[in-house]
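Q: One file is attached below, final_13.pdb, containing PDB, C-alpha atoms.
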ATOM      1  CA  MET A   1      25.015  45.436  31.855  1.00  0.00           C
ATOM      2  CA  ASN A   2      22.930  42.258  31.605  1.00  0.00           C
ATOM      3  CA  GLU A   3      20.863  43.599  28.711  1.00  0.00           C
ATOM      4  CA  LEU A   4      23.918  43.998  26.488  1.00  0.00           C
ATOM      5  CA  VAL A   5      25.775  40.826  27.528  1.00  0.00           C
ATOM      6  CA  PRO A   6      23.099  38.378  28.757  1.00  0.00           C
ATOM      7  CA  THR A   7      25.452  35.385  28.381  1.00  0.00           C
ATOM      8  CA  GLY A   8      28.346  36.980  30.256  1.00  0.00           C
ATOM      9  CA  LYS A   9      30.346  37.536  27.062  1.00  0.00           C
ATOM     10  CA  LEU A  10      30.062  40.010  24.221  1.00  0.00           C
ATOM     11  CA  ARG A  11      28.914  38.180  21.097  1.00  0.00           C
ATOM     12  CA  ALA A  12      29.985  40.457  18.247  1.00  0.00           C
ATOM     13  CA  GLY A  13      29.046  39.970  14.602  1.00  0.00           C
ATOM     14  CA  ILE A  14      31.597  41.117  12.023  1.00  0.00           C
ATOM     15  CA  VAL A  15      32.044  40.633   8.274  1.00  0.00           C
ATOM     16  CA  PHE A  16      35.096  38.991   6.714  1.00  0.00           C
ATOM     17  CA  ALA A  17      36.533  39.825   3.293  1.00  0.00           C
ATOM     18  CA  PRO A  18      39.830  39.283   1.450  1.00  0.00           C
ATOM     19  CA  LYS A  19      40.657  42.983   1.905  1.00  0.00           C
ATOM     20  CA  ALA A  20      40.036  45.207   4.938  1.00  0.00           C
ATOM     21  CA  SER A  21      37.719  48.207   4.631  1.00  0.00           C
ATOM     22  CA  ALA A  22      35.583  50.486   6.783  1.00  0.00           C
ATOM     23  CA  LEU A  23      33.358  47.452   7.413  1.00  0.00           C
ATOM     24  CA  PHE A  24      35.298  44.313   6.487  1.00  0.00           C
ATOM     25  CA  VAL A  25      37.878  42.541   8.603  1.00  0.00           C
ATOM     26  CA  ILE A  26      40.654  40.258   7.452  1.00  0.00           C
ATOM     27  CA  LYS A  27      42.241  37.382   9.374  1.00  0.00           C
ATOM     28  CA  ASP A  28      45.799  37.252  10.669  1.00  0.00           C
ATOM     29  CA  ASP A  29      48.122  34.241  10.577  1.00  0.00           C
ATOM     30  CA  LYS A  30      46.358  32.771  13.604  1.00  0.00           C
ATOM     31  CA  GLY A  31      42.912  33.205  12.083  1.00  0.00           C
ATOM     32  CA  GLU A  32      42.031  36.127  14.354  1.00  0.00           C
ATOM     33  CA  PRO A  33      39.962  38.972  12.883  1.00  0.00           C
ATOM     34  CA  ARG A  34      41.777  42.252  12.317  1.00  0.00           C
ATOM     35  CA  GLY A  35      40.085  45.473  11.327  1.00  0.00           C
ATOM     36  CA  ILE A  36      38.040  48.401  12.550  1.00  0.00           C
ATOM     37  CA  THR A  37      34.993  46.460  13.716  1.00  0.00           C
ATOM     38  CA  ALA A  38      37.134  43.840  15.459  1.00  0.00           C
ATOM     39  CA  ASP A  39      39.059  46.572  17.288  1.00  0.00           C
ATOM     40  CA  LEU A  40      35.850  48.305  18.373  1.00  0.00           C
ATOM     41  CA  SER A  41      34.330  45.015  19.545  1.00  0.00           C
ATOM     42  CA  ARG A  42      37.395  44.187  21.624  1.00  0.00           C
ATOM     43  CA  GLU A  43      37.453  47.662  23.160  1.00  0.00           C
ATOM     44  CA  LEU A  44      33.763  47.445  24.055  1.00  0.00           C
ATOM     45  CA  ALA A  45      34.245  44.023  25.653  1.00  0.00           C
ATOM     46  CA  GLN A  46      37.228  45.276  27.635  1.00  0.00           C
ATOM     47  CA  GLU A  47      35.194  48.213  28.897  1.00  0.00           C
ATOM     48  CA  LEU A  48      32.409  45.850  29.953  1.00  0.00           C
ATOM     49  CA  GLY A  49      34.917  43.512  31.609  1.00  0.00           C
ATOM     50  CA  VAL A  50      33.812  40.456  29.627  1.00  0.00           C
ATOM     51  CA  PRO A  51      35.394  38.270  26.919  1.00  0.00           C
ATOM     52  CA  VAL A  52      34.491  38.802  23.288  1.00  0.00           C
ATOM     53  CA  GLU A  53      33.211  36.025  21.021  1.00  0.00           C
ATOM     54  CA  PHE A  54      33.143  36.755  17.300  1.00  0.00           C
ATOM     55  CA  MET A  55      30.620  35.634  14.734  1.00  0.00           C
ATOM     56  CA  ILE A  56      32.537  36.086  11.475  1.00  0.00           C
ATOM     57  CA  ALA A  57      30.193  36.092   8.473  1.00  0.00           C
ATOM     58  CA  PRO A  58      30.757  36.404   4.709  1.00  0.00           C
ATOM     59  CA  ASN A  59      28.171  39.182   4.359  1.00  0.00           C
ATOM     60  CA  SER A  60      26.365  41.748   6.489  1.00  0.00           C
ATOM     61  CA  GLY A  61      22.961  40.221   5.723  1.00  0.00           C
ATOM     62  CA  LEU A  62      23.797  37.155   7.821  1.00  0.00           C
ATOM     63  CA  VAL A  63      24.960  39.382  10.664  1.00  0.00           C
ATOM     64  CA  THR A  64      21.712  41.355  10.441  1.00  0.00           C
ATOM     65  CA  ASP A  65      19.718  38.126  10.754  1.00  0.00           C
ATOM     66  CA  ALA A  66      21.744  36.992  13.778  1.00  0.00           C
ATOM     67  CA  LEU A  67      21.345  40.349  15.502  1.00  0.00           C
ATOM     68  CA  ALA A  68      17.610  40.516  14.795  1.00  0.00           C
ATOM     69  CA  ASN A  69      17.264  37.059  16.378  1.00  0.00           C
ATOM     70  CA  ALA A  70      19.397  38.101  19.390  1.00  0.00           C
ATOM     71  CA  GLU A  71      21.900  35.363  18.564  1.00  0.00           C
ATOM     72  CA  ILE A  72      24.596  38.023  18.913  1.00  0.00           C
ATOM     73  CA  ASP A  73      24.708  41.145  21.077  1.00  0.00           C
ATOM     74  CA  VAL A  74      26.301  43.829  18.909  1.00  0.00           C
ATOM     75  CA  SER A  75      27.447  44.466  15.373  1.00  0.00           C
ATOM     76  CA  PHE A  76      28.552  47.188  12.981  1.00  0.00           C
ATOM     77  CA  MET A  77      27.000  47.606   9.538  1.00  0.00           C
ATOM     78  CA  PRO A  78      25.638  50.087   6.997  1.00  0.00           C
ATOM     79  CA  ALA A  79      22.262  51.394   8.118  1.00  0.00           C
ATOM     80  CA  ASP A  80      19.221  51.512   5.876  1.00  0.00           C
ATOM     81  CA  ASP A  81      15.444  51.572   6.292  1.00  0.00           C
ATOM     82  CA  GLU A  82      15.098  47.823   5.754  1.00  0.00           C
ATOM     83  CA  ARG A  83      17.478  47.055   8.604  1.00  0.00           C
ATOM     84  CA  ARG A  84      15.916  49.650  10.900  1.00  0.00           C
ATOM     85  CA  LYS A  85      12.730  47.587  10.834  1.00  0.00           C
ATOM     86  CA  ARG A  86      14.621  44.711  12.469  1.00  0.00           C
ATOM     87  CA  ILE A  87      17.454  46.127  14.597  1.00  0.00           C
ATOM     88  CA  GLU A  88      18.420  49.326  16.441  1.00  0.00           C
ATOM     89  CA  PHE A  89      21.283  51.553  15.319  1.00  0.00           C
ATOM     90  CA  GLY A  90      23.510  53.772  17.400  1.00  0.00           C
ATOM     91  CA  PRO A  91      25.860  56.428  15.964  1.00  0.00           C
ATOM     92  CA  TYR A  92      27.666  56.158  12.645  1.00  0.00           C
ATOM     93  CA  TYR A  93      31.432  55.901  12.820  1.00  0.00           C
ATOM     94  CA  CYS A  94      31.951  56.722   9.135  1.00  0.00           C
ATOM     95  CA  MET A  95      30.075  57.545   5.948  1.00  0.00           C
ATOM     96  CA  ILE A  96      30.618  55.626   2.713  1.00  0.00           C
ATOM     97  CA  GLU A  97      29.542  55.963  -0.912  1.00  0.00           C
ATOM     98  CA  SER A  98      28.397  52.939  -2.890  1.00  0.00           C
ATOM     99  CA  THR A  99      29.558  52.834  -6.493  1.00  0.00           C
ATOM    100  CA  TYR A 100      30.854  50.414  -9.151  1.00  0.00           C
ATOM    101  CA  MET A 101      34.150  48.913 -10.130  1.00  0.00           C
ATOM    102  CA  VAL A 102      33.971  48.007 -13.822  1.00  0.00           C
ATOM    103  CA  THR A 103      36.259  45.447 -15.455  1.00  0.00           C
ATOM    104  CA  GLY A 104      38.625  46.245 -18.312  1.00  0.00           C
ATOM    105  CA  PRO A 105      36.990  43.823 -20.772  1.00  0.00           C
ATOM    106  CA  SER A 106      33.564  45.386 -20.123  1.00  0.00           C
ATOM    107  CA  GLY A 107      34.622  48.646 -21.798  1.00  0.00           C
ATOM    108  CA  LEU A 108      32.492  50.540 -19.287  1.00  0.00           C
ATOM    109  CA  LYS A 109      33.716  53.900 -18.039  1.00  0.00           C
ATOM    110  CA  THR A 110      30.864  55.809 -16.375  1.00  0.00           C
ATOM    111  CA  LEU A 111      28.106  55.331 -13.842  1.00  0.00           C
ATOM    112  CA  ALA A 112      25.460  55.787 -16.543  1.00  0.00           C
ATOM    113  CA  GLU A 113      27.026  53.131 -18.786  1.00  0.00           C
ATOM    114  CA  VAL A 114      26.545  50.495 -16.084  1.00  0.00           C
ATOM    115  CA  ASP A 115      22.765  50.820 -16.408  1.00  0.00           C
ATOM    116  CA  GLN A 116      22.331  48.929 -19.687  1.00  0.00           C
ATOM    117  CA  PRO A 117      20.420  45.690 -20.343  1.00  0.00           C
ATOM    118  CA  HIS A 118      23.512  43.721 -21.351  1.00  0.00           C
ATOM    119  CA  VAL A 119      25.615  44.745 -18.313  1.00  0.00           C
ATOM    120  CA  ARG A 120      25.985  42.113 -15.608  1.00  0.00           C
ATOM    121  CA  VAL A 121      26.260  43.752 -12.196  1.00  0.00           C
ATOM    122  CA  VAL A 122      27.209  41.687  -9.162  1.00  0.00           C
ATOM    123  CA  GLY A 123      26.649  42.671  -5.524  1.00  0.00           C
ATOM    124  CA  ILE A 124      26.540  40.921  -2.163  1.00  0.00           C
ATOM    125  CA  ALA A 125      23.218  39.368  -1.138  1.00  0.00           C
ATOM    126  CA  ASN A 126      21.023  41.078   1.454  1.00  0.00           C
ATOM    127  CA  THR A 127      23.164  44.201   1.827  1.00  0.00           C
ATOM    128  CA  THR A 128      22.318  47.897   1.726  1.00  0.00           C
ATOM    129  CA  THR A 129      24.488  48.237  -1.388  1.00  0.00           C
ATOM    130  CA  ILE A 130      22.695  45.649  -3.497  1.00  0.00           C
ATOM    131  CA  ARG A 131      19.309  47.006  -2.395  1.00  0.00           C
ATOM    132  CA  ALA A 132      20.304  50.556  -3.350  1.00  0.00           C
ATOM    133  CA  GLY A 133      21.786  49.327  -6.620  1.00  0.00           C
ATOM    134  CA  ALA A 134      18.562  47.529  -7.499  1.00  0.00           C
ATOM    135  CA  ARG A 135      16.573  50.707  -6.807  1.00  0.00           C
ATOM    136  CA  SER A 136      18.832  52.929  -8.903  1.00  0.00           C
ATOM    137  CA  LEU A 137      19.275  50.642 -11.913  1.00  0.00           C
ATOM    138  CA  LYS A 138      16.455  50.872 -14.460  1.00  0.00           C
ATOM    139  CA  ASN A 139      17.701  48.700 -17.341  1.00  0.00           C
ATOM    140  CA  THR A 140      19.503  45.884 -15.531  1.00  0.00           C
ATOM    141  CA  GLN A 141      19.459  44.332 -12.070  1.00  0.00           C
ATOM    142  CA  PRO A 142      22.312  43.149  -9.845  1.00  0.00           C
ATOM    143  CA  ILE A 143      23.107  39.482  -9.363  1.00  0.00           C
ATOM    144  CA  ALA A 144      23.359  38.510  -5.688  1.00  0.00           C
ATOM    145  CA  ALA A 145      26.564  36.715  -4.700  1.00  0.00           C
ATOM    146  CA  THR A 146      26.616  35.053  -1.292  1.00  0.00           C
ATOM    147  CA  SER A 147      30.083  36.357  -0.416  1.00  0.00           C
ATOM    148  CA  ILE A 148      32.795  38.692  -1.645  1.00  0.00           C
ATOM    149  CA  ASP A 149      34.885  35.688  -2.661  1.00  0.00           C
ATOM    150  CA  ASP A 150      32.021  34.499  -4.875  1.00  0.00           C
ATOM    151  CA  ALA A 151      31.672  37.965  -6.417  1.00  0.00           C
ATOM    152  CA  MET A 152      35.419  38.072  -7.119  1.00  0.00           C
ATOM    153  CA  ALA A 153      35.221  34.667  -8.778  1.00  0.00           C
ATOM    154  CA  MET A 154      32.424  35.893 -11.048  1.00  0.00           C
ATOM    155  CA  LEU A 155      34.428  38.959 -12.055  1.00  0.00           C
ATOM    156  CA  HIS A 156      37.593  36.960 -12.696  1.00  0.00           C
ATOM    157  CA  GLY A 157      35.604  34.373 -14.649  1.00  0.00           C
ATOM    158  CA  GLY A 158      34.012  36.935 -16.945  1.00  0.00           C
ATOM    159  CA  GLN A 159      30.541  36.307 -15.506  1.00  0.00           C
ATOM    160  CA  ALA A 160      30.102  39.927 -14.349  1.00  0.00           C
ATOM    161  CA  ASP A 161      31.044  43.326 -15.758  1.00  0.00           C
ATOM    162  CA  ALA A 162      30.557  45.583 -12.738  1.00  0.00           C
ATOM    163  CA  TYR A 163      30.845  45.179  -8.983  1.00  0.00           C
ATOM    164  CA  ALA A 164      28.619  47.165  -6.608  1.00  0.00           C
ATOM    165  CA  MET A 165      30.485  47.989  -3.397  1.00  0.00           C
ATOM    166  CA  GLY A 166      31.458  50.789  -1.021  1.00  0.00           C
ATOM    167  CA  ARG A 167      34.056  53.071  -2.556  1.00  0.00           C
ATOM    168  CA  ASP A 168      36.320  52.692   0.491  1.00  0.00           C
ATOM    169  CA  ALA A 169      36.745  48.958  -0.201  1.00  0.00           C
ATOM    170  CA  LEU A 170      37.453  49.184  -3.938  1.00  0.00           C
ATOM    171  CA  PRO A 171      41.045  50.571  -4.080  1.00  0.00           C
ATOM    172  CA  GLU A 172      42.351  47.286  -2.672  1.00  0.00           C
ATOM    173  CA  VAL A 173      40.027  45.139  -4.795  1.00  0.00           C
ATOM    174  CA  ILE A 174      40.930  46.826  -8.069  1.00  0.00           C
ATOM    175  CA  LYS A 175      44.583  45.800  -7.698  1.00  0.00           C
ATOM    176  CA  ASP A 176      43.548  42.264  -8.633  1.00  0.00           C
ATOM    177  CA  PHE A 177      41.846  43.371 -11.872  1.00  0.00           C
ATOM    178  CA  PRO A 178      44.227  44.904 -14.442  1.00  0.00           C
ATOM    179  CA  GLY A 179      42.441  47.458 -16.594  1.00  0.00           C
ATOM    180  CA  ALA A 180      39.517  47.856 -14.178  1.00  0.00           C
ATOM    181  CA  ARG A 181      38.377  51.258 -12.978  1.00  0.00           C
ATOM    182  CA  ILE A 182      36.199  52.766 -10.268  1.00  0.00           C
ATOM    183  CA  VAL A 183      33.570  54.988 -11.869  1.00  0.00           C
ATOM    184  CA  ASP A 184      33.037  58.589 -10.807  1.00  0.00           C
ATOM    185  CA  GLY A 185      29.962  59.233  -8.694  1.00  0.00           C
ATOM    186  CA  GLY A 186      27.825  56.750  -6.835  1.00  0.00           C
ATOM    187  CA  PHE A 187      24.305  55.582  -6.129  1.00  0.00           C
ATOM    188  CA  GLN A 188      24.133  55.655  -2.332  1.00  0.00           C
ATOM    189  CA  GLN A 189      25.543  57.520   0.655  1.00  0.00           C
ATOM    190  CA  THR A 190      25.174  55.663   3.933  1.00  0.00           C
ATOM    191  CA  GLY A 191      26.649  55.485   7.396  1.00  0.00           C
ATOM    192  CA  ILE A 192      28.214  52.456   9.051  1.00  0.00           C
ATOM    193  CA  ALA A 193      26.926  52.269  12.614  1.00  0.00           C
ATOM    194  CA  ILE A 194      26.976  50.210  15.757  1.00  0.00           C
ATOM    195  CA  ALA A 195      23.808  48.138  16.210  1.00  0.00           C
ATOM    196  CA  VAL A 196      21.995  46.020  18.805  1.00  0.00           C
ATOM    197  CA  PRO A 197      18.805  43.918  18.812  1.00  0.00           C
ATOM    198  CA  LYS A 198      15.440  45.641  19.161  1.00  0.00           C
ATOM    199  CA  GLY A 199      13.780  45.828  22.559  1.00  0.00           C
ATOM    200  CA  LYS A 200      16.988  46.544  24.476  1.00  0.00           C
ATOM    201  CA  PRO A 201      16.939  50.276  25.314  1.00  0.00           C
ATOM    202  CA  GLN A 202      19.665  50.068  27.949  1.00  0.00           C
ATOM    203  CA  ALA A 203      21.966  48.214  25.566  1.00  0.00           C
ATOM    204  CA  LEU A 204      21.301  50.818  22.870  1.00  0.00           C
ATOM    205  CA  ALA A 205      22.029  53.665  25.286  1.00  0.00           C
ATOM    206  CA  TYR A 206      25.293  52.028  26.371  1.00  0.00           C
ATOM    207  CA  VAL A 207      26.648  51.408  22.851  1.00  0.00           C
ATOM    208  CA  THR A 208      25.569  54.911  21.810  1.00  0.00           C
ATOM    209  CA  GLU A 209      27.655  56.410  24.595  1.00  0.00           C
ATOM    210  CA  PHE A 210      30.531  54.033  23.820  1.00  0.00           C
ATOM    211  CA  MET A 211      30.633  54.974  20.145  1.00  0.00           C
ATOM    212  CA  THR A 212      30.361  58.685  20.901  1.00  0.00           C
ATOM    213  CA  ARG A 213      33.394  58.416  23.180  1.00  0.00           C
ATOM    214  CA  ALA A 214      35.269  56.193  20.718  1.00  0.00           C
ATOM    215  CA  LYS A 215      35.009  58.870  18.057  1.00  0.00           C
ATOM    216  CA  LYS A 216      35.981  61.727  20.362  1.00  0.00           C
ATOM    217  CA  SER A 217      38.909  59.882  21.956  1.00  0.00           C
ATOM    218  CA  GLY A 218      40.550  58.973  18.664  1.00  0.00           C
ATOM    219  CA  LEU A 219      39.876  55.230  19.059  1.00  0.00           C
ATOM    220  CA  VAL A 220      38.026  55.046  15.746  1.00  0.00           C
ATOM    221  CA  ARG A 221      40.679  57.139  13.981  1.00  0.00           C
ATOM    222  CA  ARG A 222      43.453  54.844  15.181  1.00  0.00           C
ATOM    223  CA  ALA A 223      41.507  51.738  14.112  1.00  0.00           C
ATOM    224  CA  MET A 224      41.075  53.209  10.625  1.00  0.00           C
ATOM    225  CA  ASP A 225      44.757  54.088  10.381  1.00  0.00           C
ATOM    226  CA  ARG A 226      45.834  50.574  11.377  1.00  0.00           C
ATOM    227  CA  VAL A 227      44.184  49.126   8.267  1.00  0.00           C
ATOM    228  CA  GLY A 228      45.573  51.825   5.974  1.00  0.00           C
ATOM    229  CA  LEU A 229      42.400  53.926   5.697  1.00  0.00           C
ATOM    230  CA  GLN A 230      43.998  57.277   6.563  1.00  0.00           C
ATOM    231  CA  ALA A 231      41.851  59.033   3.981  1.00  0.00           C
ATOM    232  CA  LEU A 232      38.604  57.762   5.506  1.00  0.00           C
ATOM    233  CA  GLU A 233      36.949  60.381   7.714  1.00  0.00           C
ATOM    234  CA  VAL A 234      35.425  59.684  11.097  1.00  0.00           C
ATOM    235  CA  ALA A 235      31.732  60.621  11.109  1.00  0.00           C
ATOM    236  CA  PRO A 236      30.908  63.769  13.110  1.00  0.00           C
TER     237      PRO A 236
END
Starting from the file, give its structure as structure tokens.

A:
Amino acid sequence: MNELVPTGKLRAGIVFAPKASALFVIKDDKGEPRGITADLSRELAQELGVPVEFMIAPNSGLVTDALANAEIDVSFMPADDERRKRIEFGPYYCMIESTYMVTGPSGLKTLAEVDQPHVRVVGIANTTTIRAGARSLKNTQPIAATSIDDAMAMLHGGQADAYAMGRDALPEVIKDFPGARIVDGGFQQTGIAIAVPKGKPQALAYVTEFMTRAKKSGLVRRAMDRVGLQALEVAP
């Protein structure tokens, strides 16, 4: 499959964060990525009979850029219209809701209360979540942090009141913020999908078939369970 692995190895782009989620990987004691997207990348490489080489980025925007420029061969990320202009998506492996975690000192409690002029919302630059947040907010606009670590620092430092993120990632994050809460409801429903560069129809067909089988075989379910996401559903 020369179209998918033109260099003889699978160059996979994944996103690192302090806590694992449907999208984010963490690193083990040896610095190796562990998480759903790392497991899927390794399985795909094994099926192709090639080694895997990871690009580990602090946000999905950087991975999108690398994939659009064919600097990597495959990735996994939330799909939206902006990204579809630049890369090709295969099947979703899960659906997520974007919402807000609000800090205790902010006094905020509801989704509607976040949309006020004085509320400082932080999100991650060049992601589907921050774009959807910007569209839904009428009275304030999110501040773009370059990484999750930077966003956490802003929240801990009292420079932000609310954090825009996928609901699946927030239960682990909130443990570090006494008095914080995850608001009911959300502002976006999106799927996380496998993706390849544009102009590679054979590569797209291959990863589409791979992901379809990975969902049916239980591979995706097992990867979710390994990072403690038993409540997360595999996309149909």

Q: Looking at A:Thr128, A:Gln189, A:Gln230, A:Gln159, which one is nearest to A:Asn59, with distances taken over all atoms listed in the file?

A: A:Thr128

Q: Pick the closest to A:Pro236 from A:Leu10, A:Cys94, A:Ala125, A:Val196: which is it, counting all atoms listed in the file?

A: A:Cys94

Q: Measuring atom to atom with all atoms listed in the file, identify which of A:Asn139, A:Val122, A:Lys30, A:Arg131 is nearest to A:Ala153.

A: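 Closest to A:Ala153, using all atoms listed in the file: A:Val122.
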
Q: I'd like to see the residues matched by the PyMOL selection byres ((chain A and resi 177) around 9) on this file, and ideally I'd get them as a short mmCIF file (atom, residue, chain, number, x, y, z; two decimals) with C-alpha atoms, in the frame of the given file.

A:
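The resulting file, result21.cif, is reproduced below:
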data_model
loop_
_atom_site.label_atom_id
_atom_site.label_comp_id
_atom_site.auth_asym_id
_atom_site.auth_seq_id
_atom_site.Cartn_x
_atom_site.Cartn_y
_atom_site.Cartn_z
CA THR A 103 36.26 45.45 -15.46
CA GLY A 104 38.62 46.24 -18.31
CA LEU A 155 34.43 38.96 -12.06
CA HIS A 156 37.59 36.96 -12.70
CA VAL A 173 40.03 45.14 -4.80
CA ILE A 174 40.93 46.83 -8.07
CA LYS A 175 44.58 45.80 -7.70
CA ASP A 176 43.55 42.26 -8.63
CA PRO A 178 44.23 44.90 -14.44
CA GLY A 179 42.44 47.46 -16.59
CA ALA A 180 39.52 47.86 -14.18
CA ARG A 181 38.38 51.26 -12.98
#

Q: Can you work out which one of A:Ala79, A:Gly49, A:Asn126, A:Met165 has the shortest atom-to-atom distance to A:Val102, counting all atoms listed in the file?

A: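 Comparing A:Ala79, A:Gly49, A:Asn126, A:Met165 against A:Val102, the winner is A:Met165.
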
Q: Tell me which of A:Ile96, A:Ala38, A:Ile143, A:Ala132 sits closest to A:Ala235, counting all atoms listed in the file.

A: A:Ile96

Q: Give me, please, the distance in Å between atom CA of A:Glu3 and atom CA of A:Gly35, quoted to one decimal.

A: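 Going from atom CA of A:Glu3 over to atom CA of A:Gly35, I get 26.0 Å.
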
Q: Work out how far atom CA of A:Ala12 is from atom CA of A:Ala144, in Å to one decimal.

A: 24.9 Å

Q: When you look at stretch 25-27 of chain A with a cut-off of 9 Å (counting only C-alpha atoms), what residues show up, excluding the ones that are within fewer than 5 positions of it in the same chain? I need them as a ChimeraX atom specification.

A: /A:14-20,32-38,56

Q: Those same residues, written as a tab-separated table (two decimals), in the coordinates of the input with C-alpha atoms?

A:
chain	number	residue	atom	x	y	z
A	14	ILE	CA	31.60	41.12	12.02
A	15	VAL	CA	32.04	40.63	8.27
A	16	PHE	CA	35.10	38.99	6.71
A	17	ALA	CA	36.53	39.83	3.29
A	18	PRO	CA	39.83	39.28	1.45
A	19	LYS	CA	40.66	42.98	1.90
A	20	ALA	CA	40.04	45.21	4.94
A	32	GLU	CA	42.03	36.13	14.35
A	33	PRO	CA	39.96	38.97	12.88
A	34	ARG	CA	41.78	42.25	12.32
A	35	GLY	CA	40.08	45.47	11.33
A	36	ILE	CA	38.04	48.40	12.55
A	37	THR	CA	34.99	46.46	13.72
A	38	ALA	CA	37.13	43.84	15.46
A	56	ILE	CA	32.54	36.09	11.48

Q: List the residues selected by the PyMOL selection byres ((chain A and resi 53) around 12) in the file shown, writing them as a list in words.

A: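 With the PyMOL selection byres ((chain A and resi 53) around 12) on this model, the match is Val5, Thr7, Gly8, Lys9, Leu10, Arg11, Ala12, Gly13, Ile14, Glu32, Pro33, Ala38, Ser41, Arg42, Leu44, Ala45, Val50, Pro51, Val52, Phe54, Met55, Ile56, Glu71, Ile72, Asp73, Val74 and Ser75 of chain A.
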
Q: Find the residue from A:Gly157, A:Thr129, A:Leu111, A:Thr64 that sits nearest to A:Glu88; use all atoms listed in the file when measuring.

A: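 Between A:Gly157, A:Thr129, A:Leu111, A:Thr64, the residue approaching A:Glu88 most closely is A:Thr64.
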
Q: Please indicate the distance in Å from atom CA of A:Thr190 to atom CA of A:Gly228, rounded to one decimal place.

A: 20.9 Å

Q: May I have the residues within 7 Å of A:Met101 as a PyMOL selection string, using only C-alpha atoms and disregarding those fewer than 4 positions away in the same chain?

A: chain A and resi 162-164+180-183

Q: Can you rebuild stretch 79-90 of chain A with N, CA, C and O atoms and give it as a compact mmCIF listing (two decimals), in the frame of the given file?

A:
# COMPACT_ATOMS: atom_id res chain seq x y z
N ALA A 79 23.66 51.26 7.69
CA ALA A 79 22.26 51.39 8.12
C ALA A 79 21.38 51.75 6.93
O ALA A 79 21.74 52.58 6.11
N ASP A 80 20.23 51.11 6.84
CA ASP A 80 19.22 51.51 5.88
C ASP A 80 17.84 51.23 6.46
O ASP A 80 17.71 50.66 7.55
N ASP A 81 16.81 51.68 5.76
CA ASP A 81 15.44 51.57 6.29
C ASP A 81 15.02 50.13 6.50
O ASP A 81 14.29 49.81 7.45
N GLU A 82 15.47 49.23 5.62
CA GLU A 82 15.10 47.82 5.75
C GLU A 82 15.65 47.24 7.05
O GLU A 82 14.95 46.51 7.77
N ARG A 83 16.89 47.56 7.37
CA ARG A 83 17.48 47.06 8.60
C ARG A 83 16.88 47.71 9.85
O ARG A 83 16.78 47.08 10.89
N ARG A 84 16.50 48.96 9.74
CA ARG A 84 15.92 49.65 10.90
C ARG A 84 14.59 49.03 11.34
O ARG A 84 14.16 49.22 12.47
N LYS A 85 13.96 48.29 10.46
CA LYS A 85 12.73 47.59 10.83
C LYS A 85 13.03 46.42 11.77
O LYS A 85 12.15 45.97 12.50
N ARG A 86 14.29 45.95 11.77
CA ARG A 86 14.62 44.71 12.47
C ARG A 86 15.60 44.89 13.63
O ARG A 86 15.60 44.08 14.56
N ILE A 87 16.44 45.91 13.57
CA ILE A 87 17.45 46.13 14.60
C ILE A 87 17.54 47.61 14.93
O ILE A 87 16.98 48.45 14.23
N GLU A 88 18.27 47.94 16.01
CA GLU A 88 18.42 49.33 16.44
C GLU A 88 19.85 49.79 16.18
O GLU A 88 20.81 49.08 16.48
N PHE A 89 19.97 50.99 15.63
CA PHE A 89 21.28 51.55 15.32
C PHE A 89 21.66 52.66 16.29
O PHE A 89 20.83 53.50 16.66
N GLY A 90 22.92 52.66 16.69
CA GLY A 90 23.51 53.77 17.40
C GLY A 90 24.19 54.71 16.41
O GLY A 90 23.85 54.73 15.22
